[in-house]
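K.L.:
Sharing start-v5.txt here; it has compact mmCIF, C-alpha atoms.
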# COMPACT_ATOMS: atom_id res chain seq x y z
CA MET A 1 117.56 7.62 -38.31
CA PRO A 2 120.83 9.38 -39.23
CA ALA A 3 122.56 11.26 -36.44
CA LEU A 4 122.34 15.03 -36.28
CA THR A 5 125.47 17.16 -36.37
CA ARG A 6 126.09 20.80 -35.45
CA ARG A 7 128.34 23.24 -37.27
CA ARG A 8 129.11 26.74 -36.06
CA SER A 9 127.67 29.50 -38.19
CA PRO A 10 130.40 31.29 -40.14
CA ASP A 11 128.62 34.58 -39.39
CA ASN A 12 127.96 34.15 -35.67
CA PRO A 13 130.06 32.08 -33.24
CA ASP A 14 127.09 31.76 -30.85
CA THR A 15 124.91 30.06 -33.46
CA TRP A 16 124.99 26.47 -34.64
CA HIS A 17 123.41 25.09 -37.78
CA VAL A 18 122.03 21.59 -37.29
CA TYR A 19 122.29 19.05 -40.11
CA ARG A 20 120.85 15.65 -40.89
CA GLU A 21 123.53 14.31 -43.21
CA ASP A 22 123.91 17.18 -45.73
CA VAL A 23 120.52 18.86 -45.15
CA ARG A 24 120.39 21.82 -42.79
CA ILE A 25 117.32 21.13 -40.67
CA GLY A 26 117.56 23.93 -38.14
CA THR A 27 119.44 26.31 -35.87
CA ILE A 28 120.31 26.73 -32.20
CA GLY A 29 121.73 30.07 -31.12
CA ARG A 30 122.12 32.79 -28.54
CA CYS A 31 119.51 35.55 -28.69
CA SER A 32 120.82 39.04 -29.23
CA GLY A 33 119.35 42.25 -27.92
CA VAL A 34 117.04 40.66 -25.37
CA PRO A 35 116.89 41.67 -21.70
CA SER A 36 118.87 39.50 -19.31
CA SER A 37 115.60 38.48 -17.65
CA SER A 38 114.45 36.83 -20.93
CA ASP A 39 115.46 33.49 -22.41
CA GLN A 40 118.96 33.82 -23.85
CA TRP A 41 118.81 30.97 -26.38
CA PHE A 42 116.57 30.09 -29.32
CA TRP A 43 116.06 27.10 -31.56
CA SER A 44 114.22 26.49 -34.82
CA VAL A 45 113.52 23.28 -36.70
CA GLY A 46 112.47 23.11 -40.33
CA PHE A 47 113.79 23.30 -43.87
CA TYR A 48 112.37 24.61 -47.11
CA PRO A 49 111.70 23.40 -49.69
CA GLY A 50 110.91 19.85 -48.72
CA LEU A 51 109.09 20.31 -45.44
CA ASP A 52 105.70 22.00 -45.24
CA VAL A 53 106.14 25.37 -43.54
CA GLY A 54 103.33 24.50 -41.15
CA LEU A 55 105.53 21.78 -39.65
CA HIS A 56 108.36 24.19 -38.72
CA ARG A 57 108.84 24.67 -34.98
CA SER A 58 110.76 27.22 -32.89
CA SER A 59 111.04 28.46 -29.34
CA SER A 60 113.37 30.07 -26.82
CA ALA A 61 115.09 28.61 -23.78
CA PRO A 62 117.08 29.87 -20.80
CA THR A 63 120.21 27.77 -21.52
CA PHE A 64 121.92 26.11 -24.47
CA GLU A 65 121.17 22.68 -23.00
CA ASP A 66 117.45 23.51 -22.77
CA ALA A 67 117.44 24.85 -26.33
CA ARG A 68 119.16 21.72 -27.57
CA ALA A 69 116.65 19.49 -25.73
CA GLY A 70 113.71 21.46 -27.15
CA PHE A 71 115.19 21.22 -30.63
CA GLU A 72 115.66 17.47 -30.35
CA ARG A 73 112.11 16.88 -29.06
CA ALA A 74 110.65 18.90 -31.93
CA TRP A 75 112.88 17.19 -34.49
CA HIS A 76 111.90 13.70 -33.35
CA GLN A 77 108.22 14.61 -33.67
CA ILE A 78 108.71 16.04 -37.17
CA ALA A 79 111.11 13.34 -38.38
CA GLN A 80 108.62 10.53 -37.82
CA GLY A 81 106.54 11.74 -40.77
CA LEU A 82 109.40 12.38 -43.19
CA ALA A 83 110.59 10.29 -46.11
CA GLU A 84 113.85 10.57 -48.03
CA ALA A 85 111.94 12.46 -50.75
CA HIS A 86 111.55 15.43 -48.37
CA PHE A 87 115.33 15.72 -48.03
CA GLU A 88 115.89 15.11 -51.74
CA THR A 89 113.63 18.08 -52.57
CA TRP A 90 115.88 20.30 -50.44
CA ARG A 91 119.07 18.90 -52.03
CA ARG A 92 117.79 19.44 -55.58
CA ASP A 93 116.91 23.05 -54.76
CA ARG A 94 120.32 23.61 -53.13
CA ASP A 95 122.10 22.22 -56.19
CA LEU A 96 119.97 24.21 -58.64
CA HIS A 97 120.81 27.48 -56.89
CA ALA A 98 124.52 26.61 -56.61
CA TRP A 99 124.55 25.75 -60.32
CA LYS A 100 122.97 29.12 -61.19
CA ARG A 101 125.55 30.97 -59.06
CA ARG A 102 128.35 29.06 -60.81
CA MET A 103 126.89 29.84 -64.25
CA TRP A 104 126.84 33.57 -63.39
CA ALA A 105 130.35 33.44 -61.88
CA GLU A 106 131.68 31.79 -65.06
CA GLY A 107 129.99 34.41 -67.25
CA CYS A 108 127.70 31.86 -68.88
CA ARG A 109 124.29 32.87 -70.16
CA MET A 110 121.20 31.10 -68.92
CA PRO A 111 119.03 29.51 -71.61
CA THR A 112 116.30 31.99 -70.68
CA GLN A 113 118.64 34.83 -71.68
CA ASN A 114 118.80 33.64 -75.27
CA ILE A 115 116.01 33.97 -77.82
CA ASP A 116 116.21 30.30 -78.83
CA GLY A 117 116.18 29.05 -75.21
CA ARG A 118 119.56 27.34 -75.59
CA SER A 119 122.93 27.88 -73.96
CA THR A 120 126.06 26.05 -72.88
CA CYS A 121 126.66 24.95 -69.31
CA PHE A 122 129.95 25.90 -67.66
CA CYS A 123 130.89 22.22 -68.03
CA GLY A 124 130.60 22.56 -71.84
CA GLU A 125 127.34 20.65 -72.25
CA PRO A 126 124.64 22.22 -74.46
CA ILE A 127 121.51 22.94 -72.41
CA THR A 128 117.98 24.17 -72.96
CA ILE A 129 115.45 25.83 -70.68
CA ALA A 130 114.46 22.35 -69.47
CA CYS A 131 117.95 21.63 -68.12
CA GLU A 132 117.10 20.40 -64.62
CA ALA A 133 117.89 16.78 -65.52
CA HIS A 134 121.37 17.88 -66.60
CA ILE A 135 121.89 19.84 -63.37
CA HIS A 136 120.74 16.99 -61.15
CA THR A 137 122.85 14.36 -62.88
CA ALA A 138 126.02 16.13 -64.02
CA HIS A 139 126.22 18.54 -61.09
CA ARG A 140 124.74 16.54 -58.22
CA GLY A 141 126.10 17.84 -54.93
CA ILE A 142 127.46 21.09 -56.39
CA GLY A 143 125.90 23.01 -53.53
CA ALA A 144 127.12 20.71 -50.76
Using the file provided, produce a representation of the structure as structure tokens.
P.N.:
Amino acid sequence: MPALTRRRSPDNPDTWHVYREDVRIGTIGRCSGVPSSSDQWFWSVGFYPGLDVGLHRSSSAPTFEDARAGFERAWHQIAQGLAEAHFETWRRDRDLHAWKRRMWAEGCRMPTQNIDGRSTCFCGEPITIACEAHIHTAHRGIGA
């Protein structure tokens, strides 16, 4: 099983995003606005799309080390039932949304915005409404 890595959240220095390769599988962070007598850390495991929402897990913990241990226990239980297709579903969705943001940023029209259902990708390739194959081959990893 690939190793997990943590990256600090760009929005909150007390929160880490946890990745399996390039797929963000969860979060470990400090709770905000809770009484000092409550658990000060939280963790959550799960990603969507790709993993059934019913399999997501989360909890709180008194320390970072406890939150990390809880996260890892939950991840190992979930990971046993996962195949590479689960992660690929997440990657394809990530890339599709990154491609759409790039199309809008470049001022390109989506095929759905044209009466004939055709347009031109920012890379210059003609596309139709059914352009997912183009996105997932020509722009694989655009959202990474």
K.L.:
Measuring atom to atom with only C-alpha atoms, identify which of A:Arg102, A:His136, A:Arg57, A:Arg24 is nearest to Cys121 of chain A.
P.N.:
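Ranking A:Arg102, A:His136, A:Arg57, A:Arg24 by distance to Cys121 of chain A, first place goes to A:Arg102.
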K.L.:
Rounded to one decimal place, report the atom CA of Pro2 of chain A-atom CA of Asp52 of chain A distance in Å.
P.N.:
20.6 Å
K.L.:
Taking 4 positions as the minimum chain separation for residues in the same chain, which residues sit within 8 Å of Arg7 of chain A when counting only C-alpha atoms? Answer as a ChimeraX atom specification.
P.N.:
/A:16-19
K.L.:
Compare A:Ala133, A:Glu72, A:Ser37, A:Cys31 by their minimum atom-to-atom distance to Asp95 of chain A, counting all atoms listed in the file, and give me the closest one.
P.N.:
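Nearest candidate to Asp95 of chain A out of A:Ala133, A:Glu72, A:Ser37, A:Cys31: A:Ala133.
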K.L.:
Quick one: residues within 9 Å of Gly70 of chain A, all atoms listed in the file counted, chain neighbours fewer than 4 positions away excluded, as a list in words?
P.N.:
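These residues fall inside the cut-off: Trp43, Ser58, Ser59, Ser60, Ala61, Glu65, Asp66, Ala74 and Trp75 of chain A.
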K.L.:
From the options A:Leu4, A:Leu51, A:Ala67, A:Leu96, which residue's atoms come nearest to Thr137 of chain A, counting all atoms listed in the file?
P.N.:
A:Leu96
K.L.:
Grab the atom CA of Ala144 of chain A to atom CA of Arg94 of chain A distance for me, in Å with one decimal place.
P.N.:
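Computed distance, atom CA of Ala144 of chain A to atom CA of Arg94 of chain A, equals 7.8 Å.
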K.L.:
Tell me, in Å to one decimal, how far atom CA of Arg140 of chain A is from atom CA of Ala98 of chain A.
P.N.:
10.2 Å
K.L.:
Between A:Arg68, A:His139, A:Arg8, A:His56, which has the minimum distance to Phe42 of chain A (counting all atoms listed in the file)?
P.N.:
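Smallest distance to Phe42 of chain A is found for A:Arg68.
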K.L.:
Find the residues near Lys100 of chain A: any atom within 12 Å, counting only C-alpha atoms, skip ones fewer than 5 places away on the same chain, and give them as a count of residues only.
P.N.:
19
K.L.:
Using only C-alpha atoms and a cutoff of 12 Å, can you tell me which residues are near (115.4, 28.5, -75.8) in the file's coordinates, and write them out as a JSON list (two decimals) with C-alpha atoms, keeping the file's coordinate frame?
P.N.:
[["chain", "number", "residue", "atom", "x", "y", "z"],
["A", 109, "ARG", "CA", 124.29, 32.87, -70.16],
["A", 110, "MET", "CA", 121.20, 31.10, -68.92],
["A", 111, "PRO", "CA", 119.03, 29.51, -71.61],
["A", 112, "THR", "CA", 116.30, 31.99, -70.68],
["A", 113, "GLN", "CA", 118.64, 34.83, -71.68],
["A", 114, "ASN", "CA", 118.80, 33.64, -75.27],
["A", 115, "ILE", "CA", 116.01, 33.97, -77.82],
["A", 116, "ASP", "CA", 116.21, 30.30, -78.83],
["A", 117, "GLY", "CA", 116.18, 29.05, -75.21],
["A", 118, "ARG", "CA", 119.56, 27.34, -75.59],
["A", 119, "SER", "CA", 122.93, 27.88, -73.96],
["A", 120, "THR", "CA", 126.06, 26.05, -72.88],
["A", 126, "PRO", "CA", 124.64, 22.22, -74.46],
["A", 127, "ILE", "CA", 121.51, 22.94, -72.41],
["A", 128, "THR", "CA", 117.98, 24.17, -72.96],
["A", 129, "ILE", "CA", 115.45, 25.83, -70.68],
["A", 130, "ALA", "CA", 114.46, 22.35, -69.47],
["A", 131, "CYS", "CA", 117.95, 21.63, -68.12]]
K.L.:
Counting all atoms listed in the file, what are the residues of segment 1-43 of chain A within 10 Å of segment 78-88 of chain A, and for each of them which pair of atoms is the nearest and at what distance in Å, to one decimal? Sort the table by chain and rising number, as a Markdown table.
P.N.:
| residue | atom | partner | partner_atom | distance |
| --- | --- | --- | --- | --- |
| A:Met1 | CA | A:Ala79 | CA | 8.6 |
| A:Arg20 | CA | A:Phe87 | CA | 9.0 |
| A:Glu21 | CA | A:Phe87 | CA | 9.6 |
| A:Asp22 | CA | A:Phe87 | CA | 9.0 |
| A:Val23 | CA | A:Phe87 | CA | 6.7 |
| A:Arg24 | CA | A:Phe87 | CA | 9.5 |
| A:Ile25 | CA | A:Phe87 | CA | 9.3 |
K.L.:
Reconstruct N, CA, C and O atoms of segment 45-65 of chain A; output as a compact mmCIF listing (two decimals), in the coordinates of the input.
P.N.:
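Saved result, part30.txt, follows:
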# COMPACT_ATOMS: atom_id res chain seq x y z
N VAL A 45 113.43 24.53 -35.95
CA VAL A 45 113.52 23.28 -36.70
C VAL A 45 112.66 23.43 -37.95
O VAL A 45 111.50 23.84 -37.85
N GLY A 46 113.22 23.08 -39.09
CA GLY A 46 112.47 23.11 -40.33
C GLY A 46 113.39 23.43 -41.49
O GLY A 46 114.44 24.05 -41.31
N PHE A 47 113.03 22.99 -42.67
CA PHE A 47 113.79 23.30 -43.87
C PHE A 47 112.82 23.48 -45.02
O PHE A 47 111.73 22.92 -45.04
N TYR A 48 113.22 24.32 -45.96
CA TYR A 48 112.37 24.61 -47.11
C TYR A 48 113.26 24.79 -48.32
O TYR A 48 114.29 25.44 -48.21
N PRO A 49 112.87 24.24 -49.44
CA PRO A 49 111.70 23.40 -49.69
C PRO A 49 111.92 21.98 -49.17
O PRO A 49 113.04 21.61 -48.84
N GLY A 50 110.86 21.25 -49.14
CA GLY A 50 110.91 19.85 -48.72
C GLY A 50 110.01 19.56 -47.55
O GLY A 50 109.42 18.50 -47.45
N LEU A 51 109.93 20.50 -46.63
CA LEU A 51 109.09 20.31 -45.44
C LEU A 51 108.03 21.41 -45.44
O LEU A 51 108.37 22.59 -45.57
N ASP A 52 106.78 21.03 -45.29
CA ASP A 52 105.70 22.00 -45.24
C ASP A 52 105.98 23.02 -44.15
O ASP A 52 106.34 22.67 -43.02
N VAL A 53 105.84 24.30 -44.48
CA VAL A 53 106.14 25.37 -43.54
C VAL A 53 105.33 25.23 -42.26
O VAL A 53 105.79 25.59 -41.17
N GLY A 54 104.15 24.69 -42.34
CA GLY A 54 103.33 24.50 -41.15
C GLY A 54 103.91 23.53 -40.14
O GLY A 54 103.50 23.49 -38.99
N LEU A 55 104.89 22.73 -40.56
CA LEU A 55 105.53 21.78 -39.65
C LEU A 55 106.75 22.38 -38.94
O LEU A 55 107.29 21.77 -38.03
N HIS A 56 107.21 23.56 -39.36
CA HIS A 56 108.36 24.19 -38.72
C HIS A 56 108.02 24.51 -37.27
O HIS A 56 106.88 24.85 -36.95
N ARG A 57 109.02 24.40 -36.40
CA ARG A 57 108.84 24.67 -34.98
C ARG A 57 109.98 25.55 -34.49
O ARG A 57 111.11 25.44 -34.98
N SER A 58 109.70 26.39 -33.49
CA SER A 58 110.76 27.22 -32.89
C SER A 58 110.33 27.65 -31.49
O SER A 58 109.14 27.66 -31.17
N SER A 59 111.32 27.99 -30.68
CA SER A 59 111.04 28.46 -29.34
C SER A 59 112.32 29.06 -28.76
O SER A 59 113.36 29.07 -29.41
N SER A 60 112.21 29.55 -27.53
CA SER A 60 113.37 30.07 -26.82
C SER A 60 113.58 29.22 -25.57
O SER A 60 112.71 28.46 -25.16
N ALA A 61 114.75 29.39 -24.97
CA ALA A 61 115.09 28.61 -23.78
C ALA A 61 116.10 29.39 -22.95
O ALA A 61 116.85 30.21 -23.49
N PRO A 62 116.15 29.12 -21.65
CA PRO A 62 117.08 29.87 -20.80
C PRO A 62 118.55 29.47 -21.01
O PRO A 62 119.43 30.31 -20.83
N THR A 63 118.82 28.22 -21.37
CA THR A 63 120.21 27.77 -21.52
C THR A 63 120.38 27.04 -22.85
O THR A 63 119.40 26.62 -23.48
N PHE A 64 121.63 26.87 -23.25
CA PHE A 64 121.92 26.11 -24.47
C PHE A 64 121.39 24.69 -24.35
O PHE A 64 120.80 24.16 -25.28
N GLU A 65 121.61 24.07 -23.19
CA GLU A 65 121.17 22.68 -23.00
C GLU A 65 119.66 22.56 -23.15
O GLU A 65 119.16 21.60 -23.76
